[in-house]
Protein chains: 2
Amino acid sequence: MKEYSVLGKRVPRVDGPVKATGEARYTVDQRWPGMLYGKLLRSPHPHARILSVDTRRAERLPGVRAVLTGKDLTDAEVCLDAGAEPPVAVDKVRYIGQAVAAVAAADEYVAEEALDLIKVDYEELPSVFTPEEAVKEGAPSVHDGLERNMVMDLAYHFGDVEKGFQESGYVREDTFTTPPVHPAYLEPLVSAAHFDSDGRLTVWSSTQGPGRLRDALAATLRMKQGEVRVIASYFGGGFCGKTRIFPHDVCAALLSKRAGKPVKIEYSRKEIFAVNRGGQPTAVRLKTGVRRDGTLVAMECRLMCDTGAYFGGNLVFGYVFGTAPLMTYRLPNFRFQGRMATTNNGPYQSQRGSGVTPARFVVESQIDIIAADLGLDPVEMRVRNALQSGDVTANRSKISSCGLSECVRQAAAAAGWSHRDKLPPGRGMGISCYAFATAYSGGSSVLPSGYSSAFVHVHQDGTVTVLTGVNDNGQGIMTALAQIAAEELGVPVQNIRVTLPDTEITPYDFGTMGSRATYLAGNAVKAAAGDARRQIFELAAARWQARVEDLEISDGRVRIKRDPQKSIPFAALAQASQLAGKGKPVLGKGYFSAPDTIEPNLKTGEGDMGPNLGFGAVVAEVEVDRQTGKTTVLKITIAHDCGLPLNPMAVEGQLEGQIQAATGEALCEERLTSRGKVLNPSFADYRMPTALDMPGVKPIIVETIDTTSPLGIKECGEGPQGGVAPAIANAVYNAVGVRMHDLPMRPEKIMKAFETT
Amino acid sequence: MKEYSVLGKRVPRVDGPVKATGEARYTVDQRWPGMLYGKLLRSPHPHARILSVDTRRAERLPGVRAVLTGKDLTDAEVCLDAGAEPPVAVDKVRYIGQAVAAVAAADEYVAEEALDLIKVDYEELPSVFTPEEAVKEGAPSVHDGLERNMVMDLAYHFGDVEKGFQESGYVREDTFTTPPVHPAYLEPLVSAAHFDSDGRLTVWSSTQGPGRLRDALAATLRMKQGEVRVIASYFGGGFCGKTRIFPHDVCAALLSKRAGKPVKIEYSRKEIFAVNRGGQPTAVRLKTGVRRDGTLVAMECRLMCDTGAYFGGNLVFGYVFGTAPLMTYRLPNFRFQGRMATTNNGPYQSQRGSGVTPARFVVESQIDIIAADLGLDPVEMRVRNALQSGDVTANRSKISSCGLSECVRQAAAAAGWSHRDKLPPGRGMGISCYAFATAYSGGSSVLPSGYSSAFVHVHQDGTVTVLTGVNDNGQGIMTALAQIAAEELGVPVQNIRVTLPDTEITPYDFGTMGSRATYLAGNAVKAAAGDARRQIFELAAARWQARVEDLEISDGRVRIKRDPQKSIPFAALAQASQLAGKGKPVLGKGYFSAPDTIEPNLKTGEGDMGPNLGFGAVVAEVEVDRQTGKTTVLKITIAHDCGLPLNPMAVEGQLEGQIQAATGEALCEERLTSRGKVLNPSFADYRMPTALDMPGVKPIIVETIDTTSPLGIKECGEGPQGGVAPAIANAVYNAVGVRMHDLPMRPEKIMKAFETT
């Protein structure tokens, strides 16, 4: 293993102090002179034709500066053809909460009042709220031109599934469901836009992808990319819920264009739950055949899921779900059928661990069922089937490195699996595996998501600014990038600053999503810092008449390898470049793209899920109260293989964060609706685990050597999310003997299961 | 002359629309969440010992968050040793208006109230207000350790001055004075600082030199340069009055450190006039010897000037003044004596055309006197003596290019000089010459002012961002830099954006001052854009299997020179670099430093004033009312040699702006004081010409070939300032026969001159 001085070390978050003290400014905190406040009028109907929108009274209200309705949109701005949600509805509304009109006013109260003055005549239309109903003959049609509301109908297989089942000693079939969930980020959806007199648009938005948003705005508004500038502030959480352009981004821009002032639109929590973009509900029929020793032989997975009222960008969900069963275990015969229907629910999009999280629940639950049926140890059964480094999956994905078996063994050992049978009554232990692709490459041929670039600017005193287009979603990437630059340049992390993205200034990056940011941007920063180091070395080489290759750098000094007594401070060389070099700046540039992979094919299911995969195993220990059905998660032991752990403290932070979120998905979180209306659109009612609900956590990092990138890193921010819920479900079964097929495992469901068991 | 498609063309200001509409945000417009308001308590005495400062009542006032007095300063923060003004006075106050204490409070009213609650006990000390008194034996001592308050005593000569006078056919001696003036920028002095919990300082300041301020703050606060970040907004004027660190910059930082919140300090206009930093008053004894044909033979110049209460950075004024007489005419024998004394006036520093402006008034007035005395034509006398390209001055400065004779001829012709004798009574015409060094190199060996660097970032759609550390003082450098990048890259100016400086992100530059910015940063941008073009060419070369040298670019397309039908859009190559190139960004970097020159020596007066000089001539036509003494400037004809005029419209704008300002200096502007107290500290009382007072202007651009830089450009933003006032004074003499030796030529002075003539 290479010897690093900064990488692999426990480094405190560089953005920690300003976030802890409240000094960090988020997009919601930003104010501009002359700024107007935008508000959106929302549909009370799940499905209706808009007969007329009368905004005259609103326009006359003092303080109102601009009003926007569907009539004002150009074809490009509507962008309905891809199933994407228009900024404001044009002819129809398709879910409760869809925007029908937008106003900008001098303050929020006037804007609210103006909404009350807008009169909309609707003709209510029949609506549909489940995919199962939506695909029935004669169901209400949500979008014209879609047969039976189907937006996706995938079917593919690998190997000979029928033969596999025939040759299996045991075949098990179950049905599972997972509910709609919401990312529940703390910072609300907010976007402020300013169209200036030069026709240039500047946007501040709480988005996971400033670069991606810039491109989407330019495309929607028919502008050049260089005419649109997206500026990031500190970011208050996204969890895949802020990956794409939203109606309020476009509305803020169009209102600003009309009003000639900056317009800011900030959603209330109730609006956030209505416009949704969270995780899809799924219903899955899973059939698995194994040999009596537990070896997996064949699997068939049939998914039905809901995309809600709009489906732009939702289609990759099926591919991700459908390939997830192949990512952890050797499975020669596999068939997938994935269907997705549009309904009159608020549109779904993605949630951390997108697709993989629900898939893991069904696969890991059924493996536990099979192990019980066959009297096998769930740990042993998983080790027996686990993928290994060098494997190629049935869908032709190369496994560059895999520490899964080791993760299972270490998690089981640390959790005290061997004592599982001796737990007191009402207590139980369950295990689950997971995997997730780094830099998920879905759609890489059309989207500039497979690469990133970076600039590393060395100031005269040897301090360094790293310019990157990725923003920190809270996972600590600013710290990681600072570490990478510090390692390459041989200077302390404290001397490195990482900028926030600003599409006009920072190099292009698609965004922090799909577990791509640290892998792609991190390797880009490594390349850029290496380039800067070479420039510094050239100065030292000229001074010593040495060769660049003979130099090394550490502890802030450049040395000749064979004569390490001779050294010059890094800072002195940085200064010399400017002063003696007559202003020559030290600026490194670098880029990195994911290694050539078999591009995923949504139709055939083939291809590399990503350049590499992170793996892991979770052991949950729970206590279930037989009187109330309440499950308490006592302890989660998690072993994770992320290649080189850049910053073990940050890796642990990722694991802990996902344990919190996934415990919620397992036990309580659900976006409840009734005929399309959200019943729990607040943090009081959308119940998430708090710090008091957190189980004890034992994180274990399993290091593997991954050679797909110079840094040797793999993902750790999405896979674990999928591993936790099934481990808890399996532990519940172990504790009280009831098998929960449907998430979340709320007490009343467990009580009902007690009754029927 | 090289054929350009964008350079040399009339290009509207890229920042024009947002400035005209009021959308451009200046530092004064900026607000931050939690921001506090800082105010400074100012001394009512011109000179006093501080016995005690009691801030206890102020500290107890609700809303007050931090209080700062001289006792709180470290030695570094005091920075008194260089004669620089401390942020707040420590033991003594030395001028009326000097800061004694600073407070930060929740709003401006509380801050004002807190100032009232601070009790300062002073022991008044004797004070001195003119340099003539200050240097007398027994005068009050302003600073300990200075003999007779002298901060500068220069004496040098070239040639044999005595012999020169002896050989002159005619010798003339006169005394002239110029008054203290103020730059009178519109945006007030303002600085906001935020010390965050990481110990990093971010400063937003209305400064001409973000880079220079960053370095000065780091030095004063003993921080690393990388720990201090200075962010520029649009800039509301400086005119050399905002070139250096100010007390409020340091006070805002120190108050923020104490309060833990951003602190903004904005000066009132009254405060701005008190803290001063404007142009020095001068008293000059000038003696000139000429042959009877008007050929200059010898000159002796004795300057006495006032530096006010502090003199850090003031010393170069003497060198600049003392070399100015050598910058326009061949003058083999020259002697200079320059003295500067510290007084209890608000500190002077510099004003557009610093040093050169008052020097030109005395030299050009006396040449006019001599021409009249000898019956010579003032135009002919100037042409006879004018420097020529290739000349080397007596103080060993190389004249790389000089269009002065041509300027004189063209200005005289366009103004109708030949009809001067036929003007009606009360009307007159006068001429004057001027020159100014580009990138004034004073102190280049200690300051990083002799170079600049730039990054040029090409986005995927072929739009371009230019990153520069220079800000636009209003002269149009953003437009100039956009033109330069557009020319190099063969794309329209509209596709180029130039960023505002941010020391964390943009490459280092010292600042927009000393006529250095367009020359140094412009050539740096040319280099950086050329580097980016090479990267684009490499892509095209690879595609066509051609050589980079065989390619050319124009109209947004790359072509093979010998086969111009074959072309690829620039934008397509930019995109290919990222997509096909797997994320490879197109980023050019470049730098430029002033060519090697003889460094100016403040002791000997030798050296190059700058890498080149801009030259010009002004003809003023005036009407003087014999009943009131009021002078009306009817027309200014100005011919200016700036090498290549990058943007003729911007050059004309510079000429017009300087005509406005210099007309004010000629006729009305004066910072009036009585025992150190400013009598006219407002725009109502500090009278400047308005649009209604503007004369007709006829600008002429005389193009010369200057080879000291690739762009061939020379200054046009400071020299003309010096040429206008003497032309007006000479025209007044021509109109009514009175010779004004003292500026400004207010009506009452002219009336008095009528009485004594």
# chains A, B, ... in the order shown; residues from 1 in each chain; ligands from 1

call {"tool": "interface_residues", "arguments": {"of": "chain A", "to": "chain B", "cutoff": "6 Å", "atoms": "only C-alpha atoms", "output": "list in words"}}
result
Pro17, Val18, Ser197, Gly226, Tyr451, Ser452, Thr463, Lys582, Gly583, Lys584, Tyr591 and Ser593 of chain A

call {"tool": "select_by_dssp", "arguments": {"residues": "region 248-353 of chain A", "states": "strand (DSSP E)", "output": "PyMOL selection string"}}
result
chain A and resi 263-266+282-290+296-308+333-342

call {"tool": "write_last_selection", "arguments": {"atoms": "N, CA and C atoms", "output": "mmCIF file, in the first residue's frame"}}
result
data_model
loop_
_atom_site.group_PDB
_atom_site.id
_atom_site.type_symbol
_atom_site.label_atom_id
_atom_site.label_comp_id
_atom_site.auth_asym_id
_atom_site.auth_seq_id
_atom_site.Cartn_x
_atom_site.Cartn_y
_atom_site.Cartn_z
ATOM 1 N N VAL A 263 -35.267 37.742 -8.688
ATOM 2 C CA VAL A 263 -36.471 37.135 -8.109
ATOM 3 C C VAL A 263 -36.063 35.855 -7.390
ATOM 4 N N LYS A 264 -36.507 35.743 -6.161
ATOM 5 C CA LYS A 264 -36.170 34.559 -5.366
ATOM 6 C C LYS A 264 -37.441 33.786 -5.047
ATOM 7 N N ILE A 265 -37.387 32.499 -5.276
ATOM 8 C CA ILE A 265 -38.522 31.636 -4.942
ATOM 9 C C ILE A 265 -38.037 30.593 -3.951
ATOM 10 N N GLU A 266 -38.659 30.591 -2.798
ATOM 11 C CA GLU A 266 -38.291 29.612 -1.764
ATOM 12 C C GLU A 266 -39.546 28.831 -1.428
ATOM 13 N N THR A 282 -42.484 0.960 -4.821
ATOM 14 C CA THR A 282 -42.297 -0.201 -5.704
ATOM 15 C C THR A 282 -43.124 -1.383 -5.191
ATOM 16 N N ALA A 283 -43.511 -2.204 -6.141
ATOM 17 C CA ALA A 283 -44.131 -3.502 -5.809
ATOM 18 C C ALA A 283 -43.359 -4.538 -6.608
ATOM 19 N N VAL A 284 -42.856 -5.562 -5.942
ATOM 20 C CA VAL A 284 -41.934 -6.491 -6.588
ATOM 21 C C VAL A 284 -42.352 -7.928 -6.322
ATOM 22 N N ARG A 285 -42.370 -8.698 -7.383
ATOM 23 C CA ARG A 285 -42.557 -10.140 -7.262
ATOM 24 C C ARG A 285 -41.187 -10.746 -7.518
ATOM 25 N N LEU A 286 -40.642 -11.456 -6.548
ATOM 26 C CA LEU A 286 -39.287 -11.989 -6.678
ATOM 27 C C LEU A 286 -39.307 -13.499 -6.524
ATOM 28 N N LYS A 287 -38.643 -14.165 -7.473
ATOM 29 C CA LYS A 287 -38.593 -15.639 -7.453
ATOM 30 C C LYS A 287 -37.122 -16.029 -7.539
ATOM 31 N N THR A 288 -36.667 -16.843 -6.587
ATOM 32 C CA THR A 288 -35.256 -17.198 -6.543
ATOM 33 C C THR A 288 -35.103 -18.709 -6.401
ATOM 34 N N GLY A 289 -34.198 -19.253 -7.204
ATOM 35 C CA GLY A 289 -33.901 -20.676 -7.102
ATOM 36 C C GLY A 289 -32.481 -20.895 -6.601
ATOM 37 N N VAL A 290 -32.337 -21.803 -5.612
ATOM 38 C CA VAL A 290 -31.007 -22.081 -5.054
ATOM 39 C C VAL A 290 -30.788 -23.594 -4.966
ATOM 40 N N LEU A 296 -26.867 -19.656 -5.192
ATOM 41 C CA LEU A 296 -27.888 -19.041 -6.042
ATOM 42 C C LEU A 296 -27.774 -19.590 -7.454
ATOM 43 N N VAL A 297 -28.917 -19.928 -8.047
ATOM 44 C CA VAL A 297 -28.903 -20.469 -9.397
ATOM 45 C C VAL A 297 -29.668 -19.567 -10.373
ATOM 46 N N ALA A 298 -30.830 -19.133 -9.956
ATOM 47 C CA ALA A 298 -31.644 -18.330 -10.879
ATOM 48 C C ALA A 298 -32.521 -17.358 -10.103
ATOM 49 N N MET A 299 -32.845 -16.262 -10.772
ATOM 50 C CA MET A 299 -33.710 -15.274 -10.132
ATOM 51 C C MET A 299 -34.571 -14.597 -11.188
ATOM 52 N N GLU A 300 -35.794 -14.327 -10.797
ATOM 53 C CA GLU A 300 -36.678 -13.556 -11.664
ATOM 54 C C GLU A 300 -37.265 -12.419 -10.827
ATOM 55 N N CYS A 301 -37.190 -11.241 -11.377
ATOM 56 C CA CYS A 301 -37.623 -10.071 -10.617
ATOM 57 C C CYS A 301 -38.609 -9.287 -11.471
ATOM 58 N N ARG A 302 -39.811 -9.082 -10.928
ATOM 59 C CA ARG A 302 -40.804 -8.305 -11.660
ATOM 60 C C ARG A 302 -41.174 -7.065 -10.831
ATOM 61 N N LEU A 303 -40.895 -5.936 -11.429
ATOM 62 C CA LEU A 303 -41.078 -4.660 -10.721
ATOM 63 C C LEU A 303 -42.221 -3.886 -11.350
ATOM 64 N N MET A 304 -43.061 -3.328 -10.497
ATOM 65 C CA MET A 304 -44.042 -2.355 -10.984
ATOM 66 C C MET A 304 -43.832 -1.105 -10.143
ATOM 67 N N CYS A 305 -43.655 0.018 -10.821
ATOM 68 C CA CYS A 305 -43.506 1.217 -10.004
ATOM 69 C C CYS A 305 -44.154 2.435 -10.621
ATOM 70 N N ASP A 306 -44.304 3.416 -9.770
ATOM 71 C CA ASP A 306 -45.054 4.635 -10.070
ATOM 72 C C ASP A 306 -44.053 5.759 -10.324
ATOM 73 N N THR A 307 -44.244 6.486 -11.403
ATOM 74 C CA THR A 307 -43.368 7.626 -11.663
ATOM 75 C C THR A 307 -44.036 8.953 -11.319
ATOM 76 N N GLY A 308 -45.316 8.858 -10.938
ATOM 77 C CA GLY A 308 -46.031 10.100 -10.666
ATOM 78 C C GLY A 308 -46.401 10.807 -11.958
ATOM 79 N N ASN A 333 -28.166 -16.896 -13.855
ATOM 80 C CA ASN A 333 -29.411 -16.832 -14.637
ATOM 81 C C ASN A 333 -30.336 -15.789 -13.997
ATOM 82 N N PHE A 334 -30.689 -14.793 -14.785
ATOM 83 C CA PHE A 334 -31.450 -13.696 -14.197
ATOM 84 C C PHE A 334 -32.403 -13.117 -15.237
ATOM 85 N N ARG A 335 -33.614 -12.877 -14.792
ATOM 86 C CA ARG A 335 -34.592 -12.254 -15.678
ATOM 87 C C ARG A 335 -35.212 -11.058 -14.946
ATOM 88 N N PHE A 336 -35.400 -10.006 -15.690
ATOM 89 C CA PHE A 336 -35.992 -8.806 -15.089
ATOM 90 C C PHE A 336 -37.116 -8.288 -15.965
ATOM 91 N N GLN A 337 -38.211 -7.962 -15.298
ATOM 92 C CA GLN A 337 -39.274 -7.247 -15.980
ATOM 93 C C GLN A 337 -39.547 -5.994 -15.155
ATOM 94 N N GLY A 338 -39.431 -4.858 -15.787
ATOM 95 C CA GLY A 338 -39.623 -3.614 -15.044
ATOM 96 C C GLY A 338 -40.647 -2.745 -15.725
ATOM 97 N N ARG A 339 -41.680 -2.396 -14.977
ATOM 98 C CA ARG A 339 -42.725 -1.549 -15.550
ATOM 99 C C ARG A 339 -42.895 -0.304 -14.695
ATOM 100 N N MET A 340 -43.146 0.780 -15.384
ATOM 101 C CA MET A 340 -43.332 2.045 -14.694
ATOM 102 C C MET A 340 -44.491 2.777 -15.345
ATOM 103 N N ALA A 341 -45.408 3.247 -14.515
ATOM 104 C CA ALA A 341 -46.582 3.929 -15.064
ATOM 105 C C ALA A 341 -46.684 5.327 -14.484
ATOM 106 N N THR A 342 -47.247 6.201 -15.301
ATOM 107 C CA THR A 342 -47.468 7.564 -14.824
ATOM 108 C C THR A 342 -48.854 7.649 -14.172
#

call {"tool": "residues_around", "arguments": {"residues": "Val470 (chain A)", "least_positions_apart": "4", "cutoff": "9 Å", "atoms": "only C-alpha atoms", "output": "list in words"}}
result
Gln208, Gly209, Pro210, Gly211, Ser452, Ile477, Met478, Leu500, Pro501, Thr506, Tyr508, Asp509, Phe510, Gly511, Thr512, Ala517, Thr518 and Ala521 of chain A

call {"tool": "select_by_dssp", "arguments": {"residues": "region 291-537 of chain B", "states": "helix (DSSP H, G or I)", "output": "PyMOL selection string"}}
result
chain B and resi 316-326+356-374+378-385+404-415+417-422+477-489+493-495+517-537

call {"tool": "residues_around", "arguments": {"residues": "region 353-356 of chain B", "least_positions_apart": "2", "cutoff": "8 Å", "atoms": "only C-alpha atoms", "output": "list in words"}}
result
Cys240, Gly279, Phe317, Gly318, Val320, Phe321, Ala324, Ser350, Gln351, Pro358, Ala359, Arg360, Phe436, Glu718, Gly719, Gln721 and Gly722 of chain B

call {"tool": "atom_distance", "arguments": {"atom1": "CA of Lys714 (chain B)", "atom2": "CA of Arg277 (chain B)"}}
result
26.5 Å

call {"tool": "residues_around", "arguments": {"residues": "Met745 (chain A)", "least_positions_apart": "2", "cutoff": "12 Å", "atoms": "only C-alpha atoms", "output": "MDAnalysis selection string"}}
result
chainID A and resid 177:179 624 629:633 662:670 725:726 728:733 738:743 747:753

call {"tool": "write_last_selection", "arguments": {"atoms": "N, CA and C atoms", "output": "mmCIF file, in the first residue's frame"}}
result
data_model
loop_
_atom_site.group_PDB
_atom_site.id
_atom_site.type_symbol
_atom_site.label_atom_id
_atom_site.label_comp_id
_atom_site.auth_asym_id
_atom_site.auth_seq_id
_atom_site.Cartn_x
_atom_site.Cartn_y
_atom_site.Cartn_z
ATOM 1 N N THR A 177 -43.200 -4.822 -1.031
ATOM 2 C CA THR A 177 -43.440 -3.437 -1.462
ATOM 3 C C THR A 177 -42.577 -2.484 -0.630
ATOM 4 N N THR A 178 -42.214 -1.406 -1.277
ATOM 5 C CA THR A 178 -41.556 -0.319 -0.544
ATOM 6 C C THR A 178 -42.356 0.955 -0.822
ATOM 7 N N PRO A 179 -42.409 1.857 0.135
ATOM 8 C CA PRO A 179 -43.301 3.007 0.006
ATOM 9 C C PRO A 179 -42.620 4.180 -0.678
ATOM 10 N N VAL A 624 -37.895 -5.988 19.597
ATOM 11 C CA VAL A 624 -39.272 -5.707 19.192
ATOM 12 C C VAL A 624 -40.170 -5.895 20.406
ATOM 13 N N GLY A 629 -45.537 -3.635 19.253
ATOM 14 C CA GLY A 629 -45.044 -3.810 17.886
ATOM 15 C C GLY A 629 -43.912 -2.851 17.548
ATOM 16 N N LYS A 630 -43.483 -2.091 18.509
ATOM 17 C CA LYS A 630 -42.443 -1.105 18.237
ATOM 18 C C LYS A 630 -41.072 -1.763 18.153
ATOM 19 N N THR A 631 -40.362 -1.443 17.089
ATOM 20 C CA THR A 631 -39.011 -1.970 16.896
ATOM 21 C C THR A 631 -37.986 -0.926 17.320
ATOM 22 N N THR A 632 -37.073 -1.328 18.167
ATOM 23 C CA THR A 632 -35.963 -0.459 18.529
ATOM 24 C C THR A 632 -34.685 -1.053 17.936
ATOM 25 N N VAL A 633 -33.996 -0.254 17.141
ATOM 26 C CA VAL A 633 -32.720 -0.738 16.596
ATOM 27 C C VAL A 633 -31.655 -0.455 17.638
ATOM 28 N N ALA A 662 -31.677 5.267 6.581
ATOM 29 C CA ALA A 662 -32.247 3.972 6.214
ATOM 30 C C ALA A 662 -33.033 3.372 7.375
ATOM 31 N N THR A 663 -32.666 3.688 8.613
ATOM 32 C CA THR A 663 -33.470 3.258 9.748
ATOM 33 C C THR A 663 -34.850 3.895 9.641
ATOM 34 N N GLY A 664 -34.868 5.134 9.193
ATOM 35 C CA GLY A 664 -36.152 5.789 8.950
ATOM 36 C C GLY A 664 -36.943 5.083 7.874
ATOM 37 N N GLU A 665 -36.282 4.765 6.769
ATOM 38 C CA GLU A 665 -36.989 4.073 5.687
ATOM 39 C C GLU A 665 -37.487 2.701 6.146
ATOM 40 N N ALA A 666 -36.724 2.076 7.038
ATOM 41 C CA ALA A 666 -37.111 0.747 7.516
ATOM 42 C C ALA A 666 -38.314 0.830 8.448
ATOM 43 N N LEU A 667 -38.334 1.829 9.302
ATOM 44 C CA LEU A 667 -39.292 1.787 10.405
ATOM 45 C C LEU A 667 -40.430 2.799 10.314
ATOM 46 N N CYS A 668 -40.207 3.949 9.722
ATOM 47 C CA CYS A 668 -41.248 4.969 9.871
ATOM 48 C C CYS A 668 -41.498 5.851 8.648
ATOM 49 N N GLU A 669 -40.502 6.099 7.784
ATOM 50 C CA GLU A 669 -40.697 7.117 6.749
ATOM 51 C C GLU A 669 -41.606 6.636 5.624
ATOM 52 N N GLU A 670 -42.558 7.481 5.278
ATOM 53 C CA GLU A 670 -43.447 7.198 4.150
ATOM 54 C C GLU A 670 -44.179 8.479 3.792
ATOM 55 N N ALA A 725 -32.054 -1.382 5.784
ATOM 56 C CA ALA A 725 -33.449 -1.780 6.010
ATOM 57 C C ALA A 725 -33.615 -3.302 5.999
ATOM 58 N N PRO A 726 -33.036 -4.007 5.007
ATOM 59 C CA PRO A 726 -33.222 -5.464 5.039
ATOM 60 C C PRO A 726 -32.557 -6.110 6.263
ATOM 61 N N ILE A 728 -32.436 -4.842 9.169
ATOM 62 C CA ILE A 728 -33.386 -4.635 10.264
ATOM 63 C C ILE A 728 -34.584 -5.582 10.102
ATOM 64 N N ALA A 729 -35.081 -5.721 8.877
ATOM 65 C CA ALA A 729 -36.219 -6.619 8.647
ATOM 66 C C ALA A 729 -35.840 -8.054 9.022
ATOM 67 N N ASN A 730 -34.624 -8.443 8.623
ATOM 68 C CA ASN A 730 -34.176 -9.793 8.947
ATOM 69 C C ASN A 730 -33.998 -9.958 10.455
ATOM 70 N N ALA A 731 -33.571 -8.890 11.118
ATOM 71 C CA ALA A 731 -33.407 -8.949 12.577
ATOM 72 C C ALA A 731 -34.768 -9.026 13.266
ATOM 73 N N VAL A 732 -35.752 -8.311 12.707
ATOM 74 C CA VAL A 732 -37.103 -8.381 13.264
ATOM 75 C C VAL A 732 -37.610 -9.827 13.183
ATOM 76 N N TYR A 733 -37.382 -10.442 12.031
ATOM 77 C CA TYR A 733 -37.806 -11.846 11.883
ATOM 78 C C TYR A 733 -37.104 -12.729 12.917
ATOM 79 N N VAL A 738 -41.700 -12.765 12.782
ATOM 80 C CA VAL A 738 -42.594 -12.286 11.723
ATOM 81 C C VAL A 738 -41.773 -11.702 10.571
ATOM 82 N N ARG A 739 -42.194 -12.042 9.364
ATOM 83 C CA ARG A 739 -41.479 -11.592 8.165
ATOM 84 C C ARG A 739 -42.241 -10.407 7.582
ATOM 85 N N MET A 740 -41.570 -9.274 7.544
ATOM 86 C CA MET A 740 -42.217 -8.065 7.053
ATOM 87 C C MET A 740 -41.892 -7.905 5.566
ATOM 88 N N HIS A 741 -42.906 -7.969 4.740
ATOM 89 C CA HIS A 741 -42.719 -7.842 3.291
ATOM 90 C C HIS A 741 -42.893 -6.410 2.800
ATOM 91 N N ASP A 742 -43.348 -5.557 3.706
ATOM 92 C CA ASP A 742 -43.687 -4.203 3.268
ATOM 93 C C ASP A 742 -43.058 -3.170 4.202
ATOM 94 N N LEU A 743 -42.384 -2.231 3.609
ATOM 95 C CA LEU A 743 -41.807 -1.140 4.406
ATOM 96 C C LEU A 743 -42.807 0.008 4.448
ATOM 97 N N PRO A 747 -45.176 -0.019 13.898
ATOM 98 C CA PRO A 747 -45.676 -0.911 14.960
ATOM 99 C C PRO A 747 -47.007 -1.558 14.607
ATOM 100 N N GLU A 748 -47.931 -0.791 14.021
ATOM 101 C CA GLU A 748 -49.238 -1.389 13.748
ATOM 102 C C GLU A 748 -49.152 -2.516 12.733
ATOM 103 N N LYS A 749 -48.196 -2.389 11.794
ATOM 104 C CA LYS A 749 -48.027 -3.477 10.821
ATOM 105 C C LYS A 749 -47.466 -4.713 11.510
ATOM 106 N N ILE A 750 -46.551 -4.497 12.430
ATOM 107 C CA ILE A 750 -45.963 -5.642 13.127
ATOM 108 C C ILE A 750 -47.021 -6.292 14.027
ATOM 109 N N MET A 751 -47.844 -5.463 14.673
ATOM 110 C CA MET A 751 -48.918 -6.030 15.501
ATOM 111 C C MET A 751 -49.858 -6.867 14.642
ATOM 112 N N LYS A 752 -50.155 -6.348 13.443
ATOM 113 C CA LYS A 752 -51.038 -7.084 12.537
ATOM 114 C C LYS A 752 -50.385 -8.407 12.134
ATOM 115 N N ALA A 753 -49.064 -8.343 11.917
ATOM 116 C CA ALA A 753 -48.344 -9.567 11.557
ATOM 117 C C ALA A 753 -48.381 -10.573 12.701
#

call {"tool": "residues_around", "arguments": {"residues": "Gly723 (chain A)", "least_positions_apart": "5", "cutoff": "9 Å", "atoms": "only C-alpha atoms", "output": "ChimeraX atom specification"}}
result
/A:357,360-361,364,431-435,616-619,638,659,662

call {"tool": "residues_around", "arguments": {"residues": "region 112-128 of chain B", "least_positions_apart": "2", "cutoff": "8 Å", "atoms": "only C-alpha atoms", "output": "number ranges by chain"}}
result
B: 39-41, 45-59, 61, 64, 102-103, 108-110, 130, 133-134, 139-142, 343-344, 675

call {"tool": "closest_residue", "arguments": {"among": "B:Leu189, B:Met223, B:Ala541, B:Ala111", "to": "Ile245 (chain B)", "atoms": "only C-alpha atoms"}}
result
B:Leu189

call {"tool": "closest_residue", "arguments": {"among": "B:Asp153, B:Asn385, B:Ile536, B:Leu201", "to": "Pro325 (chain B)", "atoms": "only C-alpha atoms"}}
result
B:Asn385

call {"tool": "atom_distance", "arguments": {"atom1": "CA of Ser515 (chain B)", "atom2": "CA of Pro710 (chain B)"}}
result
17.0 Å
